[in-house]
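Enquirer: Contents of structure-v5.pdb (PDB, C-alpha atoms and all ligand atoms):
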```
ATOM      1  CA  MET A   1       0.000   0.000   0.000
ATOM      2  CA  VAL A   2       2.742   2.429   1.028
ATOM      3  CA  TYR A   3       4.788   1.330  -1.981
ATOM      4  CA  LYS A   4       1.792   1.843  -4.330
ATOM      5  CA  LYS A   5       1.262   5.334  -2.938
ATOM      6  CA  LEU A   6       4.929   6.132  -3.476
ATOM      7  CA  VAL A   7       4.849   4.932  -7.103
ATOM      8  CA  LEU A   8       1.660   6.913  -7.734
ATOM      9  CA  ARG A   9       3.099  10.068  -6.160
ATOM     10  CA  THR A  10       6.304   9.746  -8.216
ATOM     11  CA  PHE A  11       4.246   9.229 -11.400
ATOM     12  CA  LEU A  12       1.967  12.171 -10.718
ATOM     13  CA  SER A  13       4.886  14.523 -10.247
ATOM     14  CA  MET A  14       6.625  13.259 -13.389
ATOM     15  CA  LYS A  15       6.345  15.472 -16.459
ATOM     16  CA  THR A  16       5.848  13.444 -19.626
ATOM     17  CA  LEU A  17       5.710  14.428 -23.294
ATOM     18  CA  VAL A  18       4.402  12.126 -26.019
ATOM     19  CA  VAL A  19       5.781  13.225 -29.387
ATOM     20  CA  TYR A  20       5.140  11.516 -32.699
ATOM     21  CA  TYR A  21       5.030  11.908 -36.454
ATOM     22  CA  SER A  22       2.097  10.482 -38.397
ATOM     23  CA  ARG A  23       1.568  10.525 -42.178
ATOM     24  CA  THR A  24      -1.821   8.792 -42.281
ATOM     25  CA  GLY A  25      -3.112   8.940 -38.711
ATOM     26  CA  ASN A  26      -2.254   5.546 -37.167
ATOM     27  CA  THR A  27       0.641   6.754 -35.029
ATOM     28  CA  ARG A  28      -1.401   9.833 -34.053
ATOM     29  CA  LYS A  29      -4.234   7.629 -32.750
ATOM     30  CA  ALA A  30      -1.849   5.453 -30.753
ATOM     31  CA  GLY A  31       0.062   8.488 -29.471
ATOM     32  CA  LYS A  32      -3.092  10.144 -28.162
ATOM     33  CA  LYS A  33      -4.138   6.970 -26.330
ATOM     34  CA  ILE A  34      -0.699   6.626 -24.749
ATOM     35  CA  ALA A  35      -0.688  10.290 -23.742
ATOM     36  CA  GLY A  36      -4.105   9.884 -22.134
ATOM     37  CA  MET A  37      -2.887   7.004 -19.995
ATOM     38  CA  LEU A  38       0.274   8.833 -18.971
ATOM     39  CA  ASN A  39      -1.422  12.178 -18.384
ATOM     40  CA  ALA A  40       1.158  13.599 -20.779
ATOM     41  CA  ASP A  41       1.500  16.622 -23.027
ATOM     42  CA  VAL A  42       1.253  15.799 -26.733
ATOM     43  CA  GLU A  43       3.210  17.103 -29.683
ATOM     44  CA  GLU A  44       2.824  16.109 -33.324
ATOM     45  CA  ILE A  45       5.953  16.676 -35.405
ATOM     46  CA  VAL A  46       5.141  18.807 -38.459
ATOM     47  CA  ASP A  47       6.975  17.717 -41.569
ATOM     48  CA  LEU A  48       7.346  20.398 -44.227
ATOM     49  CA  LYS A  49       7.496  17.995 -47.182
ATOM     50  CA  ASP A  50       4.314  16.998 -49.061
ATOM     51  CA  ARG A  51       4.159  13.238 -48.501
ATOM     52  CA  SER A  52       0.600  12.707 -49.724
ATOM     53  CA  GLY A  53      -0.464  10.125 -52.269
ATOM     54  CA  ILE A  54       1.548   7.481 -54.013
ATOM     55  CA  LEU A  55       4.346   9.910 -54.864
ATOM     56  CA  GLY A  56       4.585  10.893 -51.186
ATOM     57  CA  TYR A  57       4.684   7.224 -50.229
ATOM     58  CA  MET A  58       7.558   6.602 -52.618
ATOM     59  CA  LEU A  59       9.469   9.710 -51.538
ATOM     60  CA  SER A  60       9.070   8.684 -47.902
ATOM     61  CA  GLY A  61      10.296   5.138 -48.533
ATOM     62  CA  ARG A  62      13.320   6.473 -50.357
ATOM     63  CA  ASP A  63      14.083   9.087 -47.663
ATOM     64  CA  ALA A  64      13.894   6.425 -44.941
ATOM     65  CA  SER A  65      15.991   3.826 -46.711
ATOM     66  CA  LEU A  66      18.690   6.424 -47.417
ATOM     67  CA  ASN A  67      18.577   7.550 -43.732
ATOM     68  CA  ARG A  68      17.691  11.049 -44.917
ATOM     69  CA  GLN A  69      16.595  13.797 -42.556
ATOM     70  CA  ALA A  70      13.463  15.898 -43.024
ATOM     71  CA  GLU A  71      12.634  19.549 -42.479
ATOM     72  CA  ILE A  72      10.469  19.571 -39.344
ATOM     73  CA  LYS A  73       8.747  21.993 -36.979
ATOM     74  CA  THR A  74       8.133  21.384 -33.258
ATOM     75  CA  SER A  75       7.338  23.707 -30.393
ATOM     76  CA  PHE A  76       7.603  21.847 -27.059
ATOM     77  CA  ASP A  77      10.953  21.971 -25.239
ATOM     78  CA  ALA A  78      11.965  18.348 -24.561
ATOM     79  CA  SER A  79      14.411  19.402 -21.845
ATOM     80  CA  LEU A  80      11.489  20.401 -19.598
ATOM     81  CA  TYR A  81      10.255  16.781 -19.371
ATOM     82  CA  ASP A  82      11.331  13.863 -17.165
ATOM     83  CA  LEU A  83      10.201  11.401 -19.827
ATOM     84  CA  VAL A  84       9.763  11.806 -23.584
ATOM     85  CA  VAL A  85       7.835   9.047 -25.386
ATOM     86  CA  VAL A  86       8.664   9.132 -29.108
ATOM     87  CA  GLY A  87       6.443   7.475 -31.722
ATOM     88  CA  THR A  88       7.086   6.734 -35.388
ATOM     89  CA  PRO A  89       5.504   4.872 -38.260
ATOM     90  CA  VAL A  90       7.887   2.217 -39.614
ATOM     91  CA  TRP A  91       9.174   3.201 -43.041
ATOM     92  CA  ALA A  92      11.304   0.819 -45.104
ATOM     93  CA  PHE A  93      11.995  -1.273 -41.981
ATOM     94  CA  THR A  94      13.335   1.689 -40.046
ATOM     95  CA  VAL A  95      12.398   4.958 -38.337
ATOM     96  CA  SER A  96      10.574   7.626 -40.404
ATOM     97  CA  SER A  97      12.668  10.578 -41.560
ATOM     98  CA  PRO A  98      10.820  13.226 -39.476
ATOM     99  CA  VAL A  99      11.391  11.216 -36.278
ATOM    100  CA  ARG A 100      15.018  10.554 -37.249
ATOM    101  CA  THR A 101      15.473  14.325 -37.457
ATOM    102  CA  TYR A 102      13.631  14.962 -34.182
ATOM    103  CA  LEU A 103      15.854  12.541 -32.270
ATOM    104  CA  LEU A 104      19.035  14.017 -33.735
ATOM    105  CA  GLN A 105      17.956  17.599 -33.067
ATOM    106  CA  ASN A 106      16.968  16.910 -29.461
ATOM    107  CA  LYS A 107      19.405  14.213 -28.349
ATOM    108  CA  ASP A 108      21.064  16.426 -25.735
ATOM    109  CA  LYS A 109      17.721  17.374 -24.184
ATOM    110  CA  PHE A 110      16.322  13.964 -23.233
ATOM    111  CA  ARG A 111      16.396  12.717 -19.637
ATOM    112  CA  GLU A 112      14.476   9.471 -20.062
ATOM    113  CA  LEU A 113      13.112   8.078 -23.333
ATOM    114  CA  ALA A 114      10.587   5.462 -24.461
ATOM    115  CA  PHE A 115       9.672   4.481 -28.027
ATOM    116  CA  PHE A 116       6.595   3.234 -29.823
ATOM    117  CA  CYS A 117       5.931   2.475 -33.468
ATOM    118  CA  THR A 118       3.051   1.514 -35.751
ATOM    119  CA  GLN A 119       3.629  -0.743 -38.718
ATOM    120  CA  GLY A 120       1.985  -2.842 -41.415
ATOM    121  CA  GLY A 121       3.865  -5.994 -40.539
ATOM    122  CA  SER A 122       7.491  -5.774 -39.485
ATOM    123  CA  GLY A 123      10.519  -3.560 -39.010
ATOM    124  CA  GLY A 124       9.699  -2.162 -35.582
ATOM    125  CA  LYS A 125      12.657  -3.716 -33.799
ATOM    126  CA  ARG A 126      15.041  -2.386 -36.423
ATOM    127  CA  ALA A 127      13.413   1.054 -36.110
ATOM    128  CA  PHE A 128      13.933   0.994 -32.317
ATOM    129  CA  LYS A 129      17.603   0.112 -32.783
ATOM    130  CA  ALA A 130      18.021   3.118 -35.079
ATOM    131  CA  MET A 131      16.165   5.342 -32.595
ATOM    132  CA  GLU A 132      18.457   4.228 -29.790
ATOM    133  CA  GLN A 133      21.516   5.019 -31.889
ATOM    134  CA  LEU A 134      20.195   8.410 -32.981
ATOM    135  CA  SER A 135      19.304   9.500 -29.445
ATOM    136  CA  GLY A 136      22.278   7.829 -27.765
ATOM    137  CA  LYS A 137      19.863   6.542 -25.087
ATOM    138  CA  LYS A 138      18.386   3.183 -24.161
ATOM    139  CA  PRO A 139      14.577   3.414 -23.952
ATOM    140  CA  ALA A 140      12.870   2.659 -20.634
ATOM    141  CA  ALA A 141      10.237   0.686 -22.599
ATOM    142  CA  VAL A 142       9.204   0.058 -26.210
ATOM    143  CA  LEU A 143       5.871  -0.742 -27.867
ATOM    144  CA  GLU A 144       5.214  -2.151 -31.349
ATOM    145  CA  LEU A 145       1.670  -1.891 -32.731
ATOM    146  CA  ASN A 146       0.264  -3.042 -36.037
ATOM    147  CA  GLU A 147      -2.150  -0.770 -37.896
ATOM    148  CA  LYS A 148      -5.233  -2.482 -36.445
ATOM    149  CA  GLU A 149      -3.929  -2.257 -32.893
ATOM    150  CA  ALA A 150      -3.032   1.409 -33.381
ATOM    151  CA  VAL A 151      -6.474   2.518 -34.482
ATOM    152  CA  GLY A 152      -8.846   0.006 -32.889
ATOM    153  CA  GLU A 153      -9.532  -1.497 -29.504
ATOM    154  CA  SER A 154      -7.295  -4.556 -29.927
ATOM    155  CA  GLY A 155      -4.135  -2.653 -28.966
ATOM    156  CA  GLY A 156      -5.589  -1.573 -25.622
ATOM    157  CA  ILE A 157      -3.928  -4.224 -23.464
ATOM    158  CA  LYS A 158      -0.500  -3.692 -25.028
ATOM    159  CA  ILE A 159      -0.806   0.078 -24.649
ATOM    160  CA  LYS A 160      -1.838  -0.224 -21.009
ATOM    161  CA  LYS A 161       1.086  -2.571 -20.273
ATOM    162  CA  PHE A 162       3.468  -0.060 -21.881
ATOM    163  CA  ALA A 163       2.009   2.820 -19.866
ATOM    164  CA  ASP A 164       2.169   0.804 -16.627
ATOM    165  CA  GLU A 165       5.807  -0.074 -17.313
ATOM    166  CA  LEU A 166       6.601   3.611 -17.706
ATOM    167  CA  LYS A 167       4.677   4.632 -14.614
ATOM    168  CA  SER A 168       6.787   2.308 -12.511
ATOM    169  CA  ALA A 169      10.112   2.950 -14.326
TER
HETATM  170  C1  LIG A 201       7.008   4.896 -47.050
HETATM  171  C2  LIG A 201       6.405   3.822 -46.189
HETATM  172  C3  LIG A 201       7.134   2.704 -45.899
HETATM  173  C4  LIG A 201       6.608   1.707 -45.064
HETATM  174  N1  LIG A 201       7.392   0.646 -44.720
HETATM  175  C5  LIG A 201       6.910  -0.281 -43.861
HETATM  176  C6  LIG A 201       7.744  -1.360 -43.418
HETATM  177  O1  LIG A 201       8.923  -1.479 -43.745
HETATM  178  N2  LIG A 201       7.202  -2.280 -42.566
HETATM  179  C7  LIG A 201       5.906  -2.185 -42.147
HETATM  180  O2  LIG A 201       5.480  -3.059 -41.387
HETATM  181  N3  LIG A 201       5.097  -1.160 -42.521
HETATM  182  C8  LIG A 201       5.572  -0.211 -43.362
HETATM  183  N4  LIG A 201       4.776   0.850 -43.732
HETATM  184  C9  LIG A 201       3.406   0.945 -43.179
HETATM  185  C10 LIG A 201       3.354   1.936 -42.011
HETATM  186  O3  LIG A 201       4.379   1.707 -41.076
HETATM  187  C11 LIG A 201       2.026   1.824 -41.269
HETATM  188  O4  LIG A 201       0.955   1.945 -42.142
HETATM  189  C12 LIG A 201       1.931   2.875 -40.169
HETATM  190  O5  LIG A 201       0.940   2.501 -39.238
HETATM  191  C13 LIG A 201       1.626   4.246 -40.729
HETATM  192  O6  LIG A 201       1.539   5.165 -39.670
HETATM  193  P1  LIG A 201       0.866   6.613 -39.846
HETATM  194  O7  LIG A 201      -0.561   6.379 -40.248
HETATM  195  O8  LIG A 201       0.988   7.215 -38.496
HETATM  196  O9  LIG A 201       1.624   7.353 -40.893
HETATM  197  C14 LIG A 201       5.299   1.843 -44.552
HETATM  198  C15 LIG A 201       4.546   2.988 -44.871
HETATM  199  C16 LIG A 201       5.102   3.976 -45.654
HETATM  200  C17 LIG A 201       4.319   5.236 -45.943
END
```
Any chance you could put this one into structure tokens?
Expert:
Amino acid sequence: MVYKKLVLRTFLSMKTLVVYYSRTGNTRKAGKKIAGMLNADVEEIVDLKDRSGILGYMLSGRDASLNRQAEIKTSFDASLYDLVVVGTPVWAFTVSSPVRTYLLQNKDKFRELAFFCTQGGSGGKRAFKAMEQLSGKKPAAVLELNEKEAVGESGGIKIKKFADELKSA
């Protein structure tokens, strides 16, 4: 009981930011659910490139496989948070270019990090490895979701487990 109270008090005083990029909405949906469970601030990375349609899909795949950076806009200061939870769609079996750029630009500001990704089928683990290298930090927890889990109810248990892991980290 005393221990539970202590964990709860520590969690409540912890400032958390959930930050993600989303091209078609899946990572946004997951990010908002995670933020709700963690009582966190939310920031969506704005990417200045037009990535819509089939051409945008192809450009994005090429950018990711060449480890290219993107031109992005963000406004929250990551250094003001105890924990930053970073979410990306998987592109070409790795991290998306906007999130690659975010991690590189902010690597000196992070105290504690966690990662989540949404994907069609596979590549999440490889994306997390890249994210760890880019940020120079081991994540406190990671979460892989497929598209269905990201947008529907079926991901609920996994998301809750991830949030609980972070609350007690
Ligand atoms: C350029 C591109 C490359 C992708 N590559 C992969 C991949 O390697 N593995 C995978 O499982 N899904 C891949 N996907 C599917 C996305 O990861 C998946 O649809 C994700 O949920 C999209 O998130 P969003 O809606 O937040 O943009 C790719 C999607 C795009 C646009």
Enquirer: May I have a table of the residues of segment 57-106 of chain A lying at most 7 Å from segment 27-34 of chain A, giving each one's closest pair of atoms and their distance in Å to one decimal, counting all atoms listed in the file, ordered by chain and ascending residue number, as a Markdown table?
Expert:
```
| residue | atom | partner | partner_atom | distance |
| --- | --- | --- | --- | --- |
| A:Gly87 | CA | A:Thr27 | CA | 6.7 |
| A:Thr88 | CA | A:Thr27 | CA | 6.5 |
| A:Pro89 | CA | A:Thr27 | CA | 6.1 |
```
Enquirer: Can you list every residue of chain A that has an atom at most 10 Å from ligand LIG 201 (chain A), with its nearest atom pair and the distance in Å to one decimal, using all atoms listed in the file, ordered by chain then number, as a Markdown table?
Expert:
```
| residue | atom | partner | partner_atom | distance |
| --- | --- | --- | --- | --- |
| A:Tyr20 | CA | A:LIG201 | O8 | 8.3 |
| A:Tyr21 | CA | A:LIG201 | O8 | 6.5 |
| A:Ser22 | CA | A:LIG201 | O8 | 3.5 |
| A:Arg23 | CA | A:LIG201 | O9 | 3.4 |
| A:Thr24 | CA | A:LIG201 | O7 | 3.4 |
| A:Gly25 | CA | A:LIG201 | O7 | 3.9 |
| A:Asn26 | CA | A:LIG201 | O7 | 3.6 |
| A:Thr27 | CA | A:LIG201 | O8 | 3.5 |
| A:Arg28 | CA | A:LIG201 | O8 | 5.7 |
| A:Lys29 | CA | A:LIG201 | O8 | 7.8 |
| A:Ala30 | CA | A:LIG201 | O8 | 8.4 |
| A:Gly31 | CA | A:LIG201 | O8 | 9.2 |
| A:Arg51 | CA | A:LIG201 | C17 | 8.4 |
| A:Ser52 | CA | A:LIG201 | C17 | 9.2 |
| A:Gly53 | CA | A:LIG201 | C17 | 9.3 |
| A:Ile54 | CA | A:LIG201 | C17 | 8.8 |
| A:Leu55 | CA | A:LIG201 | C1 | 9.7 |
| A:Gly56 | CA | A:LIG201 | C1 | 7.7 |
| A:Tyr57 | CA | A:LIG201 | C1 | 4.6 |
| A:Met58 | CA | A:LIG201 | C1 | 5.8 |
| A:Leu59 | CA | A:LIG201 | C1 | 7.0 |
| A:Ser60 | CA | A:LIG201 | C1 | 4.4 |
| A:Gly61 | CA | A:LIG201 | C1 | 3.6 |
| A:Arg62 | CA | A:LIG201 | C1 | 7.3 |
| A:Asp63 | CA | A:LIG201 | C1 | 8.2 |
| A:Ala64 | CA | A:LIG201 | C1 | 7.4 |
| A:Ser65 | CA | A:LIG201 | C3 | 9.0 |
| A:Gly87 | CA | A:LIG201 | O8 | 8.7 |
| A:Thr88 | CA | A:LIG201 | O8 | 6.9 |
| A:Pro89 | CA | A:LIG201 | O6 | 4.2 |
| A:Val90 | CA | A:LIG201 | O3 | 3.8 |
| A:Trp91 | CA | A:LIG201 | N1 | 3.5 |
| A:Ala92 | CA | A:LIG201 | O1 | 3.6 |
| A:Phe93 | CA | A:LIG201 | O1 | 3.5 |
| A:Thr94 | CA | A:LIG201 | O1 | 6.6 |
| A:Val95 | CA | A:LIG201 | O3 | 9.1 |
| A:Ser96 | CA | A:LIG201 | C1 | 8.0 |
| A:Ser97 | CA | A:LIG201 | C1 | 9.7 |
| A:Cys117 | CA | A:LIG201 | O5 | 7.6 |
| A:Thr118 | CA | A:LIG201 | O5 | 4.2 |
| A:Gln119 | CA | A:LIG201 | O3 | 3.5 |
| A:Gly120 | CA | A:LIG201 | O2 | 3.5 |
| A:Gly121 | CA | A:LIG201 | O2 | 3.5 |
| A:Ser122 | CA | A:LIG201 | O2 | 3.9 |
| A:Gly123 | CA | A:LIG201 | N2 | 5.0 |
| A:Gly124 | CA | A:LIG201 | O2 | 7.2 |
| A:Arg126 | CA | A:LIG201 | O1 | 9.6 |
| A:Ala127 | CA | A:LIG201 | O1 | 9.2 |
| A:Leu145 | CA | A:LIG201 | O5 | 7.9 |
| A:Asn146 | CA | A:LIG201 | O5 | 6.4 |
| A:Glu147 | CA | A:LIG201 | O5 | 4.7 |
| A:Lys148 | CA | A:LIG201 | O5 | 8.4 |
| A:Glu149 | CA | A:LIG201 | O5 | 9.3 |
| A:Ala150 | CA | A:LIG201 | O5 | 7.2 |
| A:Val151 | CA | A:LIG201 | O5 | 8.8 |
```
Enquirer: Might you spell out which residues the PyMOL selection byres (((chain A and resi 105) around 12) and not hetatm) would select in the displayed file, as a VMD selection string?
Expert: chain A and resid 69 to 74 77 to 79 98 to 104 106 to 110 134 to 136
Enquirer: Quote the spacing between atom CA of Arg111 of chain A and atom CA of Val84 of chain A in Å to one decimal place.
Expert: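 Answer for the atom CA of Arg111 of chain A to atom CA of Val84 of chain A separation: 7.8 Å.
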Enquirer: Return the single residue from A:Arg68, A:Lys125, A:Lys49, A:Lys15 that is closest to Leu166 of chain A, with distances computed using only C-alpha atoms.
Expert: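 Of A:Arg68, A:Lys125, A:Lys49, A:Lys15, the one nearest Leu166 of chain A, counting only C-alpha atoms, is A:Lys15.
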Enquirer: Fewer than 2 positions away in the same chain doesn't count, so skip those; otherwise give me all residues within 8 Å of Val85 of chain A, counting all atoms listed in the file, as a PyMOL selection string.
Expert: chain A and resi 16-19+83+87+113-116
Enquirer: What is the distance, in Å and to one decimal place, between atom CA of Tyr81 of chain A and atom CA of Leu143 of chain A?
Expert: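 Answer for the atom CA of Tyr81 of chain A to atom CA of Leu143 of chain A separation: 20.0 Å.
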Enquirer: Which residue, A:Glu112, A:Glu44, A:Gly155, A:Ala163, has the smallest gap to Pro139 of chain A when you use all atoms listed in the file?
Expert: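 Nearest to Pro139 of chain A: A:Glu112.
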Enquirer: Restricting the calculation to all atoms listed in the file: of A:Ser13, A:Ser75, A:Val142, A:Ile45, which residue gets closest to Ile159 of chain A?
Expert: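 Once distances to Ile159 of chain A are computed over all atoms listed in the file, the minimum belongs to A:Val142.
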Enquirer: In Å, rounded to a single decimal, give me how far atom CA of Asp41 of chain A is from atom CA of Ser168 of chain A.
Expert: 18.5 Å
Enquirer: Nearest residue to Glu43 of chain A out of A:Val86, A:Ala140, A:Ala169, A:Ile157, using only C-alpha atoms?
Expert: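 Looking at the shortest contact to Glu43 of chain A, the residue is A:Val86.
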